[in-house]
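Student: Shown below is the structure under consideration.
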Amino acid sequence: FSSLEQLFTLNESMNNMVASNASSDRLSTLSTIGKEVAYLGDSFKYSGNPVEVGYQLDGLASGVTLSLQHNGATVATLKGTDLTEGNHFSTWDGLSEKGEPAPVGDYRIVINAQAVDEESVGAAPLVKSEVTGVDMEGESGGTLITQSGSIKFKEILGVYETGSPQIAALSNVD
């Protein structure tokens with residue numbers, strides 16, 4: 001009976017530790033307010049201010065393009081300049097392919113990556129946005145409210161100081 005009692009006590013202690021870690025994760029989300037977070041995402045809200053978009057490559061590519069679409073129509077096309085494995089970002093200035101201000105609203109990122117020597121290369125679109133709030137409900141730290149939309153805390157790839165310099169990995173297609 002003593003061993004059984006010890007197992008129950010150990011189980012209760014483990015449950016308390018799990019609950020404590022979950023609370024700690026939720027409190028960690030508060031430290032992201034005012035900072036930029038990067039995450040995998042093929043959509044964002046454009047409010048008229050520049051937006052950081054990018055791509056993640058799982059190998060070397062010979063070319064990458066990102067089409068920014070609003071209501072199914074391509075508004076701007078950006079060409080990747082860094083074709084190495086990893087995460088690459090640049091700021092979209094909000095201008096359309098015609099050089100006019102793009103409409104405000106919901107956008108979708110469509111990525112096209114060409115591989116080197118007919119090999120395959122995986123590519124995924126990325127968004128980087130400033131955190132403006134935190135919804136503490138839910139599991140795994142809750143949800144971050146950003147200028148470009150909402151993202152679950154556990155899905156962020158990185159946290160950065162707002163306005164930190166980044167190497168440009170995209171350029172406007174002429």
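A note on labels: chains of the structure tokens are A, B, ... as shown, every chain counts residues from 1, and ligands are counted from 1 in their shown order.
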Which residues of region 16-89 of chain A have any atom within 7 Å of an atom in region 117-126 of chain A when counting only C-alpha atoms, and what is the closest pair of atoms for each, with the distance in Å to one decimal? Order the rows by chain and rising number and write it as a tab-separated table.
Tutor:
```
residue	atom	partner	partner_atom	distance
A:Ala38	CA	A:Leu126	CA	6.9
A:Tyr39	CA	A:Leu126	CA	5.7
A:Leu40	CA	A:Leu126	CA	4.6
A:Gly41	CA	A:Leu126	CA	5.2
A:Asp42	CA	A:Pro125	CA	5.5
A:Val53	CA	A:Leu126	CA	5.7
A:Gly54	CA	A:Leu126	CA	4.7
A:Tyr55	CA	A:Pro125	CA	4.4
A:Gln56	CA	A:Ala124	CA	5.1
A:Leu57	CA	A:Ala123	CA	4.7
A:Asp58	CA	A:Gly122	CA	5.3
A:Gly59	CA	A:Val121	CA	5.6
A:Leu60	CA	A:Val121	CA	7.0
A:Ala61	CA	A:Val121	CA	6.5
```
Student: Could you give me the residues within region 55-163 of chain A that DSSP places in helix (DSSP H, G or I), as a PyMOL selection string?
Tutor: chain A and resi 116-118+153-155
Student: Considering only C-alpha atoms, state which residue in the set A:Val134, A:Gly142, A:Leu157, A:Glu12 is at the smallest distance from Gly86 (chain A).
Tutor: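 Distance minimum relative to Gly86 (chain A) lands on A:Leu157.
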Student: Extract, using only C-alpha atoms, all DNA, RNA and protein residues at most 8 Å from region 143-147 of chain A, discarding same-chain residues fewer than 2 positions from it, and format them as a PyMOL selection string.
Tutor: chain A and resi 29+45+129-138+141+149-153
Student: Separation of CA of Val64 (chain A) and CA of Gly48 (chain A), in Å?
Tutor: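 Distance reported for this atom pair: 24.9 Å.
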